[in-house]
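The next block holds one structure in the form of structure tokens; read it before the comments.
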Amino acid sequence: MTTTRSLSRRRVLKGAATLTCLGLADLPFEAAAQSKGKVVVGTWGGDYARLLNKNIEQPILVAEGWEVIQDQAGDPERRSKMLAERRLPRGTTDVQGLSALNMFQMHDAGVIDAIDYSRLKNAPNLLPSMQYPYGVGHIYSGKVGIYNPKLVEPAPRSYKDIFDPKRGDKLGIIDIQYQYTLVCAALAAGGKVDELEAGKKLLLECKKAGARIYPTNEAFAQGLKTEEFGTGVMWKARVVQWQNAGISVEAIVPAEGALAYVSGFVIPKNAPNKSGAYAYLDAMLDKRAQEAFAIDMGYNPTVTNAVVAPDVNKRIGFTPEEVKALVDLDYGYMTRNDVALKEWWDKELKG
Amino acid sequence: MVGQGAQGLSLDPPARTLTNEQRGGSLLMASTLLAPATCVVVLGLLVPILILLRYSFNKFDPRLMMLEAVTLENYVKFFTDPFYTNVFWTTLRVALLCTLVCLVLAFPLAYVLARSESRHKNVLLMLVVLPLFVGNAVRAAGWMTLFGSKGALNVSLLELGMINAPLQIMFTERAVVIGVIAVNLPYMVLTLQSVIEGIPRQIEEAAFSLGAGPWTMSRRVLWPLALPGIMAGSILCFILAMNAYATPVLLGGPQFKMMGPLVFGQFRLNNWPFGAAVAFVLMTATLVLTGAANLLVHQRYGRRA
């Protein structure tokens, strides 16, 4: 009686076998649908990864028949992976998203390809300053001065005003932004991007006057919101997000020229799918994708044909003069001195 | 193999002496059963630890990350720089303090739980375990909203007029100690509770009937008998506190440094050799200290217990 009512063991096995066969038979069709192949993209997780998927991968690459896989991790982990994989004939990623400084470091370590701009149909629209020989700029912003008008009067106009020991007790500093903060302070003290000693001295004076150090961007935002401090430096893009969240904060482009932040993509030398990598870079420079990133993320497009609405541009953009005045890090100097700078930061400034 | 192994576990009445074949069979069976766990430990723990040990003798290069070498410079750097030794002493201080406070707070609670005959005992135990259902980072985030200068605690005290300016609790060692204790306390309570439960109530009553007061009974009967549990709980707490990461980062802030965050920070800088050396210092110190504590307790109480 039980055999007639319940599924017999044989029938279950037969069913399972049939399903497996069907599943296997289905695979070639699926693969055929993705005839262009697979692109593996190394990226930070969170919003950036989500927006890459929403604005670049789904509407352009997947629509064209590419299969895109994201390898999400922080940039130190991904850089370590690239270095560790350097001896392998085939790496595991096709493109890697990195900051301009990190792109330089990977180029310096000899693990990434020179970019062949003739393979990018959107290359003619790319801003010349975003055409690195070893990587392509995707988005950029600048380190602007920020202040809470309720707490800081008069409004600062330069890095010098922000890192002024006289109002050091109003200053907030972000721990994880030690590189850019050091260079901003150096510019404030009249130094250069590769002469940071005066900046170090200035930071120590500000600290003595009561400057507060916050561990992350989020903790900094929290402190800004609760008015624990009233001024500091931050990416313009992030200030827009804070304003949207109702924090009382204004941004100024410093008189010394804002320190630029560029985020871009590189191709590892051992990328398994180079044509896929170029397809990704091209899609990332697509007008639609660039415009969407300006709206969704508050960073500026790196292509000239992207149209940013005037109200958005007012909040995220820089005037042509300000763009011209953008200051870049000295990548070589920062690479050579990163560990020493971090040690100084931990021992002297925070100690 | 399996056949031979099964022979060792046959249901025949046990022979008084095992034949060589049987002994071999049960040995094979035992090793077959132990193999998977051993493989996991060897591949998942020992091999990476050995690789890390090797890395700690390498040289750091800002361009290429790591150069093959055999040098002690990473260890020398750690032990000769007061900044790093201070981080070590802070970690040790916090870990010992947290362990001690956990022990003091957990013992009465564990005793009550162990001796409780309430039908709600399971619910009480669940309440102790409940905080473990939430991850450390999430719990620390909760503490942050409580301790912040405009957090629940400060706002309440200010509104009640008990303080004039907000108390600075966040980003201090005090906040970290409170946070770590909150994380570790359930482990200590559970360990002590299970050991105290195994001590028959009659032994305590015997002590009382022989004229011992509660204090003498606790000191001379309960304490020595509960010592294995106290040791286990303390070691667990100490190891967890020494290696704490989320709590010191989130509650201690950027100026407070413990060894766990220091290791991570070095790896983030891609300075693997120094990060590996710091990790080894931390691991060795934890092992040596727990080993020494164990030995001391055995020597002191071993004969009596």
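In the structure tokens, the first chain shown is A, the next is B, and so on; residue numbers restart at 1 for each chain, and ligands run from 1 in the order shown.
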Who sits within 7 Å of stretch 83-100 of chain B, only C-alpha atoms, same chain under 6 positions skipped, as number ranges by chain: A: 347; B: 177, 180-181, 234, 237-238, 241-242, 257-259
Only residues of chain B matter here; which ones have an atom within 6 Å of chain A, counting only C-alpha atoms? Give them as a compact mmCIF listing (two decimals) with C-alpha atoms, in the first residue's frame.
```txt
# COMPACT_ATOMS: atom_id res chain seq x y z
CA PRO B 62 56.66 49.64 -0.68
CA ARG B 63 56.67 48.78 -4.38
CA LEU B 64 56.66 45.01 -4.39
CA GLY B 253 38.47 55.29 18.30
CA PRO B 254 41.53 56.16 16.26
CA GLN B 255 43.79 57.07 19.17
CA ARG B 268 45.98 47.25 5.05
```
Distance query B:Phe274 at most 8 Å, only C-alpha atoms, self and fewer than 2 positions along chain excluded, as a PyMOL selection string: chain B and resi 56+60+74-75+266+271-272+276-278
Put those residues in a file: C-alpha atoms, as a PDB file, in the first residue's frame.
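Result file is part25.pdb:
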```
ATOM      1  CA  SER B  56      57.343  37.547   9.386  1.00  0.00           C
ATOM      2  CA  PHE B  60      58.852  44.947   3.340  1.00  0.00           C
ATOM      3  CA  ASN B  74      60.302  43.105  12.030  1.00  0.00           C
ATOM      4  CA  TYR B  75      60.519  41.654  15.520  1.00  0.00           C
ATOM      5  CA  GLN B 266      49.673  46.638   8.871  1.00  0.00           C
ATOM      6  CA  ASN B 271      53.178  45.590   5.125  1.00  0.00           C
ATOM      7  CA  TRP B 272      52.652  41.848   5.441  1.00  0.00           C
ATOM      8  CA  ALA B 276      52.828  38.815  10.403  1.00  0.00           C
ATOM      9  CA  ALA B 277      55.443  39.562  13.063  1.00  0.00           C
ATOM     10  CA  VAL B 278      52.904  41.480  15.182  1.00  0.00           C
TER      11      VAL B 278
END
```
Interatomic distance (Å, one decimal) between atom CA of A:Leu224 and atom CA of B:Leu157: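 Interatomic distance here is 22.2 Å.
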Strand (DSSP E) residues, from DSSP on the backbone, in stretch 21-201 of chain B, as a ChimeraX atom specification: /B:59-61,65-67
Pairwise distance for atom CA of B:Phe208 and atom CA of B:Pro108, rounded to one decimal in Å: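 Calculated distance between atom CA of B:Phe208 and atom CA of B:Pro108 is 18.6 Å.
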Polymer residues at most 8 Å from stretch 285-293 of chain A, only C-alpha atoms, same-chain spacing of 3 or more positions, as a list in words: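 Answer for this query is Leu51, Asn55, Ile56, Asn122, Ala123, Leu126, His138, Ile139, Leu281, Asp282, Asp296, Met297, Gly298, Tyr299, Asn300, Pro301, Thr302, Val303, Asn305, Ala306, Val307 and Val308 of chain A.
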Pull N, CA and C atoms from the residues just selected and write them as a PDB file, in the first residue's frame.
```
ATOM      1  N   LEU A  51      26.325  50.550  -8.031  1.00  0.00           N
ATOM      2  CA  LEU A  51      26.131  51.501  -9.128  1.00  0.00           C
ATOM      3  C   LEU A  51      26.837  51.048 -10.405  1.00  0.00           C
ATOM      4  N   ASN A  55      24.511  50.982 -13.535  1.00  0.00           N
ATOM      5  CA  ASN A  55      24.719  51.974 -14.601  1.00  0.00           C
ATOM      6  C   ASN A  55      25.618  51.517 -15.749  1.00  0.00           C
ATOM      7  N   ILE A  56      26.468  50.507 -15.487  1.00  0.00           N
ATOM      8  CA  ILE A  56      27.394  50.083 -16.546  1.00  0.00           C
ATOM      9  C   ILE A  56      27.096  48.652 -16.997  1.00  0.00           C
ATOM     10  N   ASN A 122      35.173  55.282 -26.958  1.00  0.00           N
ATOM     11  CA  ASN A 122      34.838  56.505 -26.224  1.00  0.00           C
ATOM     12  C   ASN A 122      36.068  57.314 -25.810  1.00  0.00           C
ATOM     13  N   ALA A 123      37.254  56.829 -26.166  1.00  0.00           N
ATOM     14  CA  ALA A 123      38.480  57.505 -25.731  1.00  0.00           C
ATOM     15  C   ALA A 123      38.565  58.966 -26.183  1.00  0.00           C
ATOM     16  N   LEU A 126      37.371  61.356 -23.614  1.00  0.00           N
ATOM     17  CA  LEU A 126      37.963  61.323 -22.267  1.00  0.00           C
ATOM     18  C   LEU A 126      38.823  62.567 -22.022  1.00  0.00           C
ATOM     19  N   HIS A 138      37.692  57.010 -14.168  1.00  0.00           N
ATOM     20  CA  HIS A 138      36.251  56.753 -14.291  1.00  0.00           C
ATOM     21  C   HIS A 138      35.432  57.930 -13.751  1.00  0.00           C
ATOM     22  N   ILE A 139      35.772  58.369 -12.541  1.00  0.00           N
ATOM     23  CA  ILE A 139      35.067  59.494 -11.932  1.00  0.00           C
ATOM     24  C   ILE A 139      36.091  60.317 -11.166  1.00  0.00           C
ATOM     25  N   LEU A 281      35.930  48.946 -20.001  1.00  0.00           N
ATOM     26  CA  LEU A 281      36.425  50.329 -19.930  1.00  0.00           C
ATOM     27  C   LEU A 281      35.602  51.233 -20.850  1.00  0.00           C
ATOM     28  N   ASP A 282      35.281  50.715 -22.021  1.00  0.00           N
ATOM     29  CA  ASP A 282      34.508  51.506 -22.978  1.00  0.00           C
ATOM     30  C   ASP A 282      33.107  51.794 -22.433  1.00  0.00           C
ATOM     31  N   ASP A 296      23.848  59.629  -9.283  1.00  0.00           N
ATOM     32  CA  ASP A 296      23.738  58.656  -8.194  1.00  0.00           C
ATOM     33  C   ASP A 296      24.824  58.805  -7.147  1.00  0.00           C
ATOM     34  N   MET A 297      26.016  59.195  -7.561  1.00  0.00           N
ATOM     35  CA  MET A 297      27.137  59.139  -6.630  1.00  0.00           C
ATOM     36  C   MET A 297      27.740  60.505  -6.318  1.00  0.00           C
ATOM     37  N   GLY A 298      27.426  61.491  -7.155  1.00  0.00           N
ATOM     38  CA  GLY A 298      27.935  62.837  -6.870  1.00  0.00           C
ATOM     39  C   GLY A 298      29.363  63.074  -7.329  1.00  0.00           C
ATOM     40  N   TYR A 299      29.918  62.137  -8.100  1.00  0.00           N
ATOM     41  CA  TYR A 299      31.261  62.348  -8.648  1.00  0.00           C
ATOM     42  C   TYR A 299      31.144  62.876 -10.075  1.00  0.00           C
ATOM     43  N   ASN A 300      32.185  63.553 -10.536  1.00  0.00           N
ATOM     44  CA  ASN A 300      32.129  64.187 -11.855  1.00  0.00           C
ATOM     45  C   ASN A 300      32.483  63.223 -12.972  1.00  0.00           C
ATOM     46  N   PRO A 301      31.828  63.395 -14.123  1.00  0.00           N
ATOM     47  CA  PRO A 301      32.170  62.559 -15.282  1.00  0.00           C
ATOM     48  C   PRO A 301      33.583  62.874 -15.773  1.00  0.00           C
ATOM     49  N   THR A 302      34.221  61.873 -16.360  1.00  0.00           N
ATOM     50  CA  THR A 302      35.559  62.102 -16.914  1.00  0.00           C
ATOM     51  C   THR A 302      35.509  62.226 -18.433  1.00  0.00           C
ATOM     52  N   VAL A 303      34.283  62.230 -18.990  1.00  0.00           N
ATOM     53  CA  VAL A 303      34.169  62.400 -20.442  1.00  0.00           C
ATOM     54  C   VAL A 303      33.488  63.733 -20.738  1.00  0.00           C
ATOM     55  N   ASN A 305      31.502  64.525 -23.234  1.00  0.00           N
ATOM     56  CA  ASN A 305      30.156  64.522 -23.830  1.00  0.00           C
ATOM     57  C   ASN A 305      29.044  64.216 -22.833  1.00  0.00           C
ATOM     58  N   ALA A 306      29.388  63.993 -21.546  1.00  0.00           N
ATOM     59  CA  ALA A 306      28.346  63.740 -20.550  1.00  0.00           C
ATOM     60  C   ALA A 306      27.704  65.072 -20.167  1.00  0.00           C
ATOM     61  N   VAL A 307      26.390  65.065 -20.125  1.00  0.00           N
ATOM     62  CA  VAL A 307      25.683  66.304 -19.790  1.00  0.00           C
ATOM     63  C   VAL A 307      25.184  66.198 -18.345  1.00  0.00           C
ATOM     64  N   VAL A 308      25.649  67.125 -17.534  1.00  0.00           N
ATOM     65  CA  VAL A 308      25.209  67.132 -16.133  1.00  0.00           C
ATOM     66  C   VAL A 308      24.283  68.332 -15.953  1.00  0.00           C
TER      67      VAL A 308
END
```
Nearest to A:Pro268, chosen from A:Leu98, A:Val68, A:Leu187, A:Ala325, with only C-alpha atoms counted in the distances: A:Leu98
Two-atom distance - atom CA of B:Ala182, atom CA of B:Ala152 (Å):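 It comes out at 17.7 Å.
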Residue list (helix (DSSP H, G or I), DSSP) for stretch 132-247 of chain B, as a PyMOL selection string: chain B and resi 132-133+136-147+152-159+173-197+201-209+214-242+246-247
Stretch 312-323 of chain A surroundings by only C-alpha atoms, 12 Å radius, close-in-sequence under 2 positions cut, as a PyMOL selection string: chain A and resi 127+129-130+139-144+235-244+250-261+291-302+306-310+325-328
Exercise: stretch 47-55 of chain B partners within 10 Å, only C-alpha atoms, chain neighbours under 3 positions left out, as an MDAnalysis selection string: chainID B and resid 41:44 58:60 66:70 272:277 279:280
Selection to disk with C-alpha atoms, as a JSON list (two decimals), in the first residue's frame:
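Dumped to again16.json:
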```
[["chain", "number", "residue", "atom", "x", "y", "z"],
["B", 41, "VAL", "CA", 43.17, 21.89, 11.44],
["B", 42, "VAL", "CA", 46.38, 21.20, 9.53],
["B", 43, "LEU", "CA", 45.23, 22.77, 6.27],
["B", 44, "GLY", "CA", 43.11, 25.53, 7.71],
["B", 58, "ASN", "CA", 60.62, 38.73, 5.08],
["B", 59, "LYS", "CA", 61.44, 42.32, 4.23],
["B", 60, "PHE", "CA", 58.85, 44.95, 3.34],
["B", 66, "MET", "CA", 57.37, 41.71, 0.22],
["B", 67, "LEU", "CA", 60.91, 40.58, -0.48],
["B", 68, "GLU", "CA", 62.07, 37.07, 0.34],
["B", 69, "ALA", "CA", 64.57, 37.29, 3.19],
["B", 70, "VAL", "CA", 65.42, 35.83, 6.55],
["B", 272, "TRP", "CA", 52.65, 41.85, 5.44],
["B", 273, "PRO", "CA", 56.03, 41.02, 7.02],
["B", 274, "PHE", "CA", 55.51, 43.41, 9.95],
["B", 275, "GLY", "CA", 51.82, 42.49, 10.23],
["B", 276, "ALA", "CA", 52.83, 38.82, 10.40],
["B", 277, "ALA", "CA", 55.44, 39.56, 13.06],
["B", 279, "ALA", "CA", 50.41, 38.63, 14.76],
["B", 280, "PHE", "CA", 53.06, 36.19, 15.98]]
```
Counting only C-alpha atoms, the residue of B:Val195, B:Met65, B:Leu269, B:Val104 that sits nearest A:Met82: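 With only C-alpha atoms as the atom set, the closest residue is B:Met65.
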Distance query B:Leu236 at most 9 Å, only C-alpha atoms, self and fewer than 4 positions along chain excluded, as a PyMOL selection string: chain B and resi 99+184+187-188+231-232+240-241
